[in-house]
Amino acid sequence: MADVKYDVLGIGNALFDVLVRTDEAFLVKHGMTKGSMSLIDEARATAIYNDMGPATEVSGGSAANTIVGIGSFGARAAYVGKVKDDQIGKLYVHDIRSAGVAFNTPPAKDGPATGCSYILVTGDGERTMNTYLGAAQDLSPADIDPAEIAAAKIVYLEGYLWDPPGAKDAFLKASKIAHEAGRKVALTLSDSFCVGRYRDEFLGLMRDGIADIVFANESELHALYETSDFDTALKQLRNDVKLGVVTRSEKGCVVVTPTDAVAAPASPITQLIDTTGAGDLFAAGFLYGLSRDLSHKQCGELGALAAAEVIQHIGARPLVSLRELAQQRGLTV
């Protein structure tokens with residue numbers, strides 16, 4: 001087995017987030033489904049951007065947010081994602097490397113611009129995402145370095161990767177390499193609409209053992225098993241995956257294996273500002289704990305802590321050291 005170089009390596013759509021606070025009327029005007037993630041073309045991206053108010057712009061992407069969070073806990077983290085060699089792409093590379101994350105994916109020299117996600121945050125903190133994949137959709141198996149994958153304890157993949165065909169192939173290649181090296185593969189289902197598009201394929205990934213660990217929120221879990229009954233869906237999840245982690249907002253989370261189930265509470269917050277990145281940062285805390293061989297409950301507590309930090313400000317990345325925050329709360333790191 002290769003020496004461990006990284007605690008967690010994430011693979012995802014490298015996207016620059018453009019966040020703005022808005023109202024329900026804006027969503028209606030642009031035909032958006034509140035709380036969803038929609039793929040858009042460059043023309044629609046331009047139309048939305050031109051109609052948006054003052055925005056906060058920051059490097060994002062679901063798996064990238066998770067990996068930055070893992071680095072904030074003090075773990076060794078790496079990321080694979082595609083940007084273009086343009087101004088936004090250069091900003092993206094700078095941001096993720098400055099967070100202490102190894103990022104060595106060669107940028108695209110031509111083709112579409114670096115991808116952007118236009119995120120509308122309404123007064124209740126709910127986020128509605130409109131994503132122009134741009135260069136991110138050109139991630140391919142050639143961008144997967146076998147030595148880097150084999151050197152990671154856990155390889156973390158986002159469900160959104162299932163949209164671009166080349167990224168899907170990169171996903172499968174990375175999973176095969178990881179398992180051949182005796183590593184674990186984690187998958188986040190990403191979004192209930194994403195689950196709706198690829199339900200059968202996601203179930204195949206779980207049942208065929210391509211994904212060892214699966215993260216989902218309640219709506220994604222219900223979409224996966226096409227049932228509104230939580231207990232029924234949870235029972236099916238336990239039969240389909242080695243380790244399943246289901247987040248339930250203020251109810252905390254439930255962690256299941258075929259033989260066990262434990263719950264961990266949500267972490268208290270002062271004010272809900274923006275739910276963007278809540279699931280991403282929960283996964284960061286949980287995976288960090290898993291890489292340190294902590295109990296499933298302890299992993300859930302770290303996930304809850306990270307999620308609580310990120311939903312109390314605009315943006316999907318932590319503004320403080322999650323390691324120091326955990327230590328202040330008396331959690332094991």
# chains A, B, ... in the order shown; residues from 1 in each chain; ligands from 1
>>> residues_around(residues="Phe282 (chain A)", least_positions_apart="4", cutoff="10 Å", atoms="only C-alpha atoms", output="list in words")
Thr66, Gly69, Ile70, Phe215, Thr247, Cys253, Gly277, Ala278, Phe286, Leu287, Tyr288, Cys299, Gly300, Glu301, Leu302, Gly303, Ala304, Leu305, Ala306, Ala307, Ala308, Glu309 and Val310 of chain A
>>> write_last_selection(atoms="N, CA, C and O atoms", output="PDB file, in the first residue's frame")
ATOM      1  N   THR A  66     -15.726  21.395   0.944  1.00  0.00           N
ATOM      2  CA  THR A  66     -15.476  20.339   1.930  1.00  0.00           C
ATOM      3  C   THR A  66     -13.987  20.200   2.207  1.00  0.00           C
ATOM      4  O   THR A  66     -13.561  20.117   3.375  1.00  0.00           O
ATOM      5  N   GLY A  69     -12.620  22.947   4.250  1.00  0.00           N
ATOM      6  CA  GLY A  69     -13.024  22.734   5.639  1.00  0.00           C
ATOM      7  C   GLY A  69     -12.162  21.702   6.338  1.00  0.00           C
ATOM      8  O   GLY A  69     -11.777  21.864   7.499  1.00  0.00           O
ATOM      9  N   ILE A  70     -11.845  20.627   5.642  1.00  0.00           N
ATOM     10  CA  ILE A  70     -10.981  19.587   6.214  1.00  0.00           C
ATOM     11  C   ILE A  70      -9.611  20.159   6.535  1.00  0.00           C
ATOM     12  O   ILE A  70      -9.025  19.898   7.591  1.00  0.00           O
ATOM     13  N   PHE A 215     -23.105  10.466   1.860  1.00  0.00           N
ATOM     14  CA  PHE A 215     -23.697  11.589   2.579  1.00  0.00           C
ATOM     15  C   PHE A 215     -24.966  12.029   1.860  1.00  0.00           C
ATOM     16  O   PHE A 215     -24.987  12.151   0.633  1.00  0.00           O
ATOM     17  N   THR A 247     -27.990  14.071   7.126  1.00  0.00           N
ATOM     18  CA  THR A 247     -28.149  15.309   7.897  1.00  0.00           C
ATOM     19  C   THR A 247     -29.611  15.717   7.908  1.00  0.00           C
ATOM     20  O   THR A 247     -30.339  15.546   6.928  1.00  0.00           O
ATOM     21  N   CYS A 253     -27.947  14.770  12.930  1.00  0.00           N
ATOM     22  CA  CYS A 253     -27.685  13.774  11.887  1.00  0.00           C
ATOM     23  C   CYS A 253     -27.877  12.376  12.427  1.00  0.00           C
ATOM     24  O   CYS A 253     -27.892  12.149  13.641  1.00  0.00           O
ATOM     25  N   GLY A 277     -23.350  25.766   1.537  1.00  0.00           N
ATOM     26  CA  GLY A 277     -22.178  25.091   2.093  1.00  0.00           C
ATOM     27  C   GLY A 277     -22.428  24.325   3.371  1.00  0.00           C
ATOM     28  O   GLY A 277     -21.497  23.704   3.900  1.00  0.00           O
ATOM     29  N   ALA A 278     -23.662  24.316   3.882  1.00  0.00           N
ATOM     30  CA  ALA A 278     -23.925  23.613   5.143  1.00  0.00           C
ATOM     31  C   ALA A 278     -23.571  22.128   5.032  1.00  0.00           C
ATOM     32  O   ALA A 278     -22.860  21.572   5.880  1.00  0.00           O
ATOM     33  N   PHE A 286     -17.124  15.611   9.436  1.00  0.00           N
ATOM     34  CA  PHE A 286     -17.298  14.168   9.580  1.00  0.00           C
ATOM     35  C   PHE A 286     -16.100  13.420   9.011  1.00  0.00           C
ATOM     36  O   PHE A 286     -15.562  12.508   9.652  1.00  0.00           O
ATOM     37  N   LEU A 287     -15.671  13.788   7.815  1.00  0.00           N
ATOM     38  CA  LEU A 287     -14.545  13.092   7.191  1.00  0.00           C
ATOM     39  C   LEU A 287     -13.246  13.314   7.952  1.00  0.00           C
ATOM     40  O   LEU A 287     -12.403  12.412   8.046  1.00  0.00           O
ATOM     41  N   TYR A 288     -13.101  14.531   8.500  1.00  0.00           N
ATOM     42  CA  TYR A 288     -11.913  14.758   9.329  1.00  0.00           C
ATOM     43  C   TYR A 288     -11.905  13.775  10.497  1.00  0.00           C
ATOM     44  O   TYR A 288     -10.893  13.122  10.773  1.00  0.00           O
ATOM     45  N   CYS A 299     -17.642  12.123  15.006  1.00  0.00           N
ATOM     46  CA  CYS A 299     -17.564  12.639  13.632  1.00  0.00           C
ATOM     47  C   CYS A 299     -18.765  13.535  13.343  1.00  0.00           C
ATOM     48  O   CYS A 299     -18.628  14.617  12.746  1.00  0.00           O
ATOM     49  N   GLY A 300     -19.952  13.091  13.766  1.00  0.00           N
ATOM     50  CA  GLY A 300     -21.162  13.877  13.561  1.00  0.00           C
ATOM     51  C   GLY A 300     -21.120  15.201  14.298  1.00  0.00           C
ATOM     52  O   GLY A 300     -21.594  16.224  13.790  1.00  0.00           O
ATOM     53  N   GLU A 301     -20.551  15.212  15.485  1.00  0.00           N
ATOM     54  CA  GLU A 301     -20.448  16.449  16.258  1.00  0.00           C
ATOM     55  C   GLU A 301     -19.520  17.448  15.574  1.00  0.00           C
ATOM     56  O   GLU A 301     -19.799  18.650  15.553  1.00  0.00           O
ATOM     57  N   LEU A 302     -18.423  16.941  15.014  1.00  0.00           N
ATOM     58  CA  LEU A 302     -17.511  17.835  14.289  1.00  0.00           C
ATOM     59  C   LEU A 302     -18.174  18.366  13.019  1.00  0.00           C
ATOM     60  O   LEU A 302     -18.005  19.535  12.650  1.00  0.00           O
ATOM     61  N   GLY A 303     -18.939  17.516  12.357  1.00  0.00           N
ATOM     62  CA  GLY A 303     -19.677  17.964  11.186  1.00  0.00           C
ATOM     63  C   GLY A 303     -20.681  19.044  11.526  1.00  0.00           C
ATOM     64  O   GLY A 303     -20.798  20.055  10.820  1.00  0.00           O
ATOM     65  N   ALA A 304     -21.398  18.849  12.618  1.00  0.00           N
ATOM     66  CA  ALA A 304     -22.397  19.833  13.052  1.00  0.00           C
ATOM     67  C   ALA A 304     -21.743  21.163  13.392  1.00  0.00           C
ATOM     68  O   ALA A 304     -22.270  22.237  13.075  1.00  0.00           O
ATOM     69  N   LEU A 305     -20.585  21.105  14.044  1.00  0.00           N
ATOM     70  CA  LEU A 305     -19.852  22.325  14.393  1.00  0.00           C
ATOM     71  C   LEU A 305     -19.480  23.111  13.140  1.00  0.00           C
ATOM     72  O   LEU A 305     -19.678  24.330  13.066  1.00  0.00           O
ATOM     73  N   ALA A 306     -18.939  22.422  12.134  1.00  0.00           N
ATOM     74  CA  ALA A 306     -18.507  23.091  10.910  1.00  0.00           C
ATOM     75  C   ALA A 306     -19.695  23.659  10.140  1.00  0.00           C
ATOM     76  O   ALA A 306     -19.635  24.772   9.607  1.00  0.00           O
ATOM     77  N   ALA A 307     -20.793  22.908  10.082  1.00  0.00           N
ATOM     78  CA  ALA A 307     -21.990  23.386   9.390  1.00  0.00           C
ATOM     79  C   ALA A 307     -22.543  24.626  10.082  1.00  0.00           C
ATOM     80  O   ALA A 307     -22.950  25.596   9.430  1.00  0.00           O
ATOM     81  N   ALA A 308     -22.554  24.611  11.409  1.00  0.00           N
ATOM     82  CA  ALA A 308     -23.072  25.756  12.162  1.00  0.00           C
ATOM     83  C   ALA A 308     -22.232  27.009  11.923  1.00  0.00           C
ATOM     84  O   ALA A 308     -22.769  28.121  11.840  1.00  0.00           O
ATOM     85  N   GLU A 309     -20.928  26.835  11.802  1.00  0.00           N
ATOM     86  CA  GLU A 309     -20.078  28.001  11.547  1.00  0.00           C
ATOM     87  C   GLU A 309     -20.404  28.638  10.203  1.00  0.00           C
ATOM     88  O   GLU A 309     -20.547  29.858  10.100  1.00  0.00           O
ATOM     89  N   VAL A 310     -20.569  27.810   9.172  1.00  0.00           N
ATOM     90  CA  VAL A 310     -20.693  28.365   7.827  1.00  0.00           C
ATOM     91  C   VAL A 310     -22.066  28.961   7.540  1.00  0.00           C
ATOM     92  O   VAL A 310     -22.192  29.859   6.702  1.00  0.00           O
TER      93      VAL A 310
END
>>> residues_around(residues="Phe193 (chain A)", least_positions_apart="5", cutoff="12 Å", atoms="only C-alpha atoms", output="MDAnalysis selection string")
chainID A and resid 33:39 128:129 159:160 163 198:199 219:224
>>> write_last_selection(atoms="N, CA and C atoms", output="PDB file, in the first residue's frame")
ATOM      1  N   THR A  33     -36.499  27.449  -9.288  1.00  0.00           N
ATOM      2  CA  THR A  33     -37.110  26.645  -8.245  1.00  0.00           C
ATOM      3  C   THR A  33     -36.313  26.831  -6.963  1.00  0.00           C
ATOM      4  N   LYS A  34     -36.947  27.419  -5.969  1.00  0.00           N
ATOM      5  CA  LYS A  34     -36.243  27.739  -4.726  1.00  0.00           C
ATOM      6  C   LYS A  34     -35.606  26.495  -4.108  1.00  0.00           C
ATOM      7  N   GLY A  35     -34.339  26.640  -3.691  1.00  0.00           N
ATOM      8  CA  GLY A  35     -33.629  25.559  -3.031  1.00  0.00           C
ATOM      9  C   GLY A  35     -32.979  24.560  -3.964  1.00  0.00           C
ATOM     10  N   SER A  36     -33.094  24.789  -5.276  1.00  0.00           N
ATOM     11  CA  SER A  36     -32.564  23.821  -6.245  1.00  0.00           C
ATOM     12  C   SER A  36     -31.207  24.252  -6.778  1.00  0.00           C
ATOM     13  N   MET A  37     -30.583  23.328  -7.530  1.00  0.00           N
ATOM     14  CA  MET A  37     -29.399  23.646  -8.314  1.00  0.00           C
ATOM     15  C   MET A  37     -29.738  23.345  -9.767  1.00  0.00           C
ATOM     16  N   SER A  38     -29.660  24.355 -10.627  1.00  0.00           N
ATOM     17  CA  SER A  38     -29.949  24.181 -12.044  1.00  0.00           C
ATOM     18  C   SER A  38     -28.699  24.439 -12.869  1.00  0.00           C
ATOM     19  N   LEU A  39     -28.496  23.627 -13.890  1.00  0.00           N
ATOM     20  CA  LEU A  39     -27.393  23.852 -14.822  1.00  0.00           C
ATOM     21  C   LEU A  39     -27.853  24.855 -15.878  1.00  0.00           C
ATOM     22  N   THR A 128     -30.516  29.222  -3.680  1.00  0.00           N
ATOM     23  CA  THR A 128     -30.940  28.684  -4.968  1.00  0.00           C
ATOM     24  C   THR A 128     -29.773  28.887  -5.936  1.00  0.00           C
ATOM     25  N   MET A 129     -29.295  27.793  -6.518  1.00  0.00           N
ATOM     26  CA  MET A 129     -28.064  27.849  -7.300  1.00  0.00           C
ATOM     27  C   MET A 129     -28.324  27.671  -8.790  1.00  0.00           C
ATOM     28  N   GLY A 159     -21.738  14.290  -6.048  1.00  0.00           N
ATOM     29  CA  GLY A 159     -22.725  13.794  -6.995  1.00  0.00           C
ATOM     30  C   GLY A 159     -22.852  14.658  -8.229  1.00  0.00           C
ATOM     31  N   TYR A 160     -22.573  15.947  -8.091  1.00  0.00           N
ATOM     32  CA  TYR A 160     -22.637  16.856  -9.235  1.00  0.00           C
ATOM     33  C   TYR A 160     -21.700  16.428 -10.365  1.00  0.00           C
ATOM     34  N   ASP A 163     -22.972  14.911 -13.763  1.00  0.00           N
ATOM     35  CA  ASP A 163     -23.544  15.674 -14.879  1.00  0.00           C
ATOM     36  C   ASP A 163     -22.625  15.684 -16.108  1.00  0.00           C
ATOM     37  N   TYR A 198     -30.238  11.081 -11.565  1.00  0.00           N
ATOM     38  CA  TYR A 198     -29.340   9.924 -11.627  1.00  0.00           C
ATOM     39  C   TYR A 198     -29.627   8.881 -10.545  1.00  0.00           C
ATOM     40  N   ARG A 199     -30.856   8.784 -10.128  1.00  0.00           N
ATOM     41  CA  ARG A 199     -31.216   7.898  -9.019  1.00  0.00           C
ATOM     42  C   ARG A 199     -30.690   6.475  -9.207  1.00  0.00           C
ATOM     43  N   SER A 219     -33.990  15.426   2.159  1.00  0.00           N
ATOM     44  CA  SER A 219     -34.677  15.503   0.869  1.00  0.00           C
ATOM     45  C   SER A 219     -33.990  14.622  -0.167  1.00  0.00           C
ATOM     46  N   GLU A 220     -32.659  14.548  -0.118  1.00  0.00           N
ATOM     47  CA  GLU A 220     -31.934  13.674  -1.043  1.00  0.00           C
ATOM     48  C   GLU A 220     -32.228  12.210  -0.749  1.00  0.00           C
ATOM     49  N   LEU A 221     -32.318  11.868   0.532  1.00  0.00           N
ATOM     50  CA  LEU A 221     -32.617  10.490   0.922  1.00  0.00           C
ATOM     51  C   LEU A 221     -34.005  10.085   0.427  1.00  0.00           C
ATOM     52  N   HIS A 222     -34.986  10.971   0.610  1.00  0.00           N
ATOM     53  CA  HIS A 222     -36.346  10.683   0.149  1.00  0.00           C
ATOM     54  C   HIS A 222     -36.389  10.536  -1.367  1.00  0.00           C
ATOM     55  N   ALA A 223     -35.640  11.380  -2.071  1.00  0.00           N
ATOM     56  CA  ALA A 223     -35.603  11.296  -3.534  1.00  0.00           C
ATOM     57  C   ALA A 223     -34.944   9.997  -3.989  1.00  0.00           C
ATOM     58  N   LEU A 224     -33.919   9.574  -3.257  1.00  0.00           N
ATOM     59  CA  LEU A 224     -33.190   8.369  -3.637  1.00  0.00           C
ATOM     60  C   LEU A 224     -34.080   7.135  -3.566  1.00  0.00           C
TER      61      LEU A 224
END
>>> residues_around(residues="Arg76 (chain A)", least_positions_apart="4", cutoff="7 Å", atoms="only C-alpha atoms", output="PyMOL selection string")
chain A and resi 6-8+71
>>> write_last_selection(atoms="N, CA, C and O atoms", output="compact mmCIF listing (two decimals), in the first residue's frame")
# COMPACT_ATOMS: atom_id res chain seq x y z
N TYR A 6 -2.22 12.22 1.99
CA TYR A 6 -3.37 13.07 2.29
C TYR A 6 -4.37 12.31 3.16
O TYR A 6 -4.56 11.11 2.99
N ASP A 7 -5.01 13.03 4.05
CA ASP A 7 -6.10 12.43 4.82
C ASP A 7 -7.34 12.30 3.93
O ASP A 7 -8.00 11.27 3.94
N VAL A 8 -7.64 13.35 3.18
CA VAL A 8 -8.78 13.33 2.28
C VAL A 8 -8.41 14.05 0.99
O VAL A 8 -7.84 15.14 1.02
N GLY A 71 -9.10 20.99 5.63
CA GLY A 71 -7.83 21.66 5.90
C GLY A 71 -7.90 22.57 7.11
O GLY A 71 -6.93 22.67 7.87
>>> residues_around(residues="region 255-266 of chain A", least_positions_apart="3", cutoff="7 Å", atoms="only C-alpha atoms", output="list in words")
Arg238, Asn239, Lys242, Leu243, Gly244, Val245, Val246, Glu250, Lys251, Gly252, His296, Lys297, Gly300, Glu301 and Ala304 of chain A
>>> write_last_selection(atoms="N, CA, C and O atoms", output="compact mmCIF listing (two decimals), in the first residue's frame")
# COMPACT_ATOMS: atom_id res chain seq x y z
N ARG A 238 -29.39 1.58 4.92
CA ARG A 238 -28.56 0.67 5.71
C ARG A 238 -28.26 -0.61 4.94
O ARG A 238 -27.21 -1.23 5.14
N ASN A 239 -29.16 -0.99 4.06
CA ASN A 239 -28.96 -2.22 3.28
C ASN A 239 -28.06 -2.00 2.06
O ASN A 239 -27.56 -2.96 1.48
N LYS A 242 -22.04 0.73 3.15
CA LYS A 242 -21.30 0.35 4.36
C LYS A 242 -21.47 1.38 5.47
O LYS A 242 -21.54 1.06 6.65
N LEU A 243 -21.51 2.67 5.06
CA LEU A 243 -21.67 3.75 6.03
C LEU A 243 -22.50 4.85 5.39
O LEU A 243 -22.13 5.39 4.34
N GLY A 244 -23.62 5.19 6.00
CA GLY A 244 -24.48 6.25 5.50
C GLY A 244 -24.62 7.36 6.53
O GLY A 244 -24.77 7.08 7.72
N VAL A 245 -24.56 8.60 6.07
CA VAL A 245 -24.66 9.76 6.96
C VAL A 245 -25.76 10.67 6.44
O VAL A 245 -25.68 11.16 5.31
N VAL A 246 -26.79 10.87 7.25
CA VAL A 246 -27.94 11.67 6.82
C VAL A 246 -28.07 12.89 7.72
O VAL A 246 -28.22 12.76 8.95
N GLU A 250 -31.77 21.17 11.83
CA GLU A 250 -31.74 21.41 13.28
C GLU A 250 -31.90 20.13 14.10
O GLU A 250 -31.67 20.12 15.31
N LYS A 251 -32.28 19.02 13.45
CA LYS A 251 -32.41 17.74 14.15
C LYS A 251 -31.09 17.01 14.26
O LYS A 251 -31.03 15.92 14.85
N GLY A 252 -30.04 17.55 13.69
CA GLY A 252 -28.75 16.90 13.76
C GLY A 252 -28.55 15.91 12.63
O GLY A 252 -28.95 16.16 11.50
N HIS A 296 -18.38 7.44 15.34
CA HIS A 296 -19.33 8.06 14.41
C HIS A 296 -20.05 9.24 15.06
O HIS A 296 -20.34 10.24 14.40
N LYS A 297 -20.33 9.14 16.34
CA LYS A 297 -20.98 10.27 17.03
C LYS A 297 -20.03 11.46 17.09
O LYS A 297 -20.45 12.61 16.85
N GLY A 300 -19.95 13.09 13.77
CA GLY A 300 -21.16 13.88 13.56
C GLY A 300 -21.12 15.20 14.30
O GLY A 300 -21.59 16.22 13.79
N GLU A 301 -20.55 15.21 15.48
CA GLU A 301 -20.45 16.45 16.26
C GLU A 301 -19.52 17.45 15.57
O GLU A 301 -19.80 18.65 15.55
N ALA A 304 -21.40 18.85 12.62
CA ALA A 304 -22.40 19.83 13.05
C ALA A 304 -21.74 21.16 13.39
O ALA A 304 -22.27 22.24 13.07
>>> atom_distance(atom1="CA of Glu180 (chain A)", atom2="CA of Asp280 (chain A)")
26.6 Å
>>> atom_distance(atom1="CA of Ala108 (chain A)", atom2="CA of Ile96 (chain A)")
17.1 Å
>>> select_by_dssp(residues="region 27-188 of chain A", states="alpha helix (DSSP H)", output="PDB file with C-alpha atoms, in the first residue's frame")
ATOM      1  CA  LEU A  27     -36.595  33.783  -8.256  1.00  0.00           C
ATOM      2  CA  VAL A  28     -40.075  33.960  -9.782  1.00  0.00           C
ATOM      3  CA  LYS A  29     -38.967  36.504 -12.387  1.00  0.00           C
ATOM      4  CA  GLU A  42     -23.396  31.044 -20.665  1.00  0.00           C
ATOM      5  CA  ALA A  43     -26.195  33.238 -22.031  1.00  0.00           C
ATOM      6  CA  ARG A  44     -28.455  32.579 -19.034  1.00  0.00           C
ATOM      7  CA  ALA A  45     -25.505  33.049 -16.678  1.00  0.00           C
ATOM      8  CA  THR A  46     -24.918  36.502 -18.179  1.00  0.00           C
ATOM      9  CA  ALA A  47     -28.619  37.413 -17.922  1.00  0.00           C
ATOM     10  CA  ILE A  48     -28.808  36.407 -14.250  1.00  0.00           C
ATOM     11  CA  TYR A  49     -25.556  38.166 -13.377  1.00  0.00           C
ATOM     12  CA  ASN A  50     -26.633  41.395 -15.089  1.00  0.00           C
ATOM     13  CA  ASP A  51     -29.875  41.410 -13.083  1.00  0.00           C
ATOM     14  CA  SER A  62     -19.147  21.591  -3.306  1.00  0.00           C
ATOM     15  CA  ALA A  63     -16.225  19.191  -2.864  1.00  0.00           C
ATOM     16  CA  ALA A  64     -13.747  22.075  -2.806  1.00  0.00           C
ATOM     17  CA  ASN A  65     -15.643  23.661   0.093  1.00  0.00           C
ATOM     18  CA  THR A  66     -15.476  20.339   1.930  1.00  0.00           C
ATOM     19  CA  ILE A  67     -11.754  19.987   1.317  1.00  0.00           C
ATOM     20  CA  VAL A  68     -11.040  23.544   2.487  1.00  0.00           C
ATOM     21  CA  GLY A  69     -13.024  22.734   5.639  1.00  0.00           C
ATOM     22  CA  ILE A  70     -10.981  19.587   6.214  1.00  0.00           C
ATOM     23  CA  GLY A  71      -7.827  21.656   5.896  1.00  0.00           C
ATOM     24  CA  SER A  72      -9.229  24.111   8.456  1.00  0.00           C
ATOM     25  CA  GLN A  87      -8.502  35.605 -14.414  1.00  0.00           C
ATOM     26  CA  ILE A  88     -11.165  33.815 -12.376  1.00  0.00           C
ATOM     27  CA  GLY A  89      -9.299  30.537 -12.735  1.00  0.00           C
ATOM     28  CA  LYS A  90      -6.143  32.119 -11.357  1.00  0.00           C
ATOM     29  CA  LEU A  91      -8.119  33.504  -8.395  1.00  0.00           C
ATOM     30  CA  TYR A  92      -9.555  30.055  -7.777  1.00  0.00           C
ATOM     31  CA  VAL A  93      -6.132  28.409  -7.722  1.00  0.00           C
ATOM     32  CA  HIS A  94      -4.788  31.087  -5.391  1.00  0.00           C
ATOM     33  CA  ASP A  95      -7.710  30.768  -2.972  1.00  0.00           C
ATOM     34  CA  ILE A  96      -7.627  27.008  -2.592  1.00  0.00           C
ATOM     35  CA  ARG A  97      -3.854  26.828  -2.268  1.00  0.00           C
ATOM     36  CA  SER A  98      -3.822  29.650   0.272  1.00  0.00           C
ATOM     37  CA  PRO A 146      -3.076   7.461  -9.807  1.00  0.00           C
ATOM     38  CA  ALA A 147      -0.266   8.102  -7.334  1.00  0.00           C
ATOM     39  CA  GLU A 148      -2.140  11.004  -5.708  1.00  0.00           C
ATOM     40  CA  ILE A 149      -5.383   9.017  -5.433  1.00  0.00           C
ATOM     41  CA  ALA A 150      -3.635   5.985  -3.967  1.00  0.00           C
ATOM     42  CA  PRO A 165     -19.627  12.811 -19.005  1.00  0.00           C
ATOM     43  CA  GLY A 166     -15.854  13.259 -18.741  1.00  0.00           C
ATOM     44  CA  ALA A 167     -16.069  13.995 -15.030  1.00  0.00           C
ATOM     45  CA  LYS A 168     -18.168  10.859 -14.550  1.00  0.00           C
ATOM     46  CA  ASP A 169     -15.376   8.795 -16.119  1.00  0.00           C
ATOM     47  CA  ALA A 170     -12.815  10.560 -13.894  1.00  0.00           C
ATOM     48  CA  PHE A 171     -14.997   9.709 -10.882  1.00  0.00           C
ATOM     49  CA  LEU A 172     -15.054   6.006 -11.768  1.00  0.00           C
ATOM     50  CA  LYS A 173     -11.329   5.902 -12.488  1.00  0.00           C
ATOM     51  CA  ALA A 174     -10.523   7.496  -9.118  1.00  0.00           C
ATOM     52  CA  SER A 175     -12.790   5.087  -7.247  1.00  0.00           C
ATOM     53  CA  LYS A 176     -11.151   2.068  -8.881  1.00  0.00           C
ATOM     54  CA  ILE A 177      -7.645   3.311  -8.071  1.00  0.00           C
ATOM     55  CA  ALA A 178      -8.609   4.100  -4.473  1.00  0.00           C
ATOM     56  CA  HIS A 179     -10.071   0.661  -3.852  1.00  0.00           C
ATOM     57  CA  GLU A 180      -7.112  -1.090  -5.465  1.00  0.00           C
TER      58      GLU A 180
END
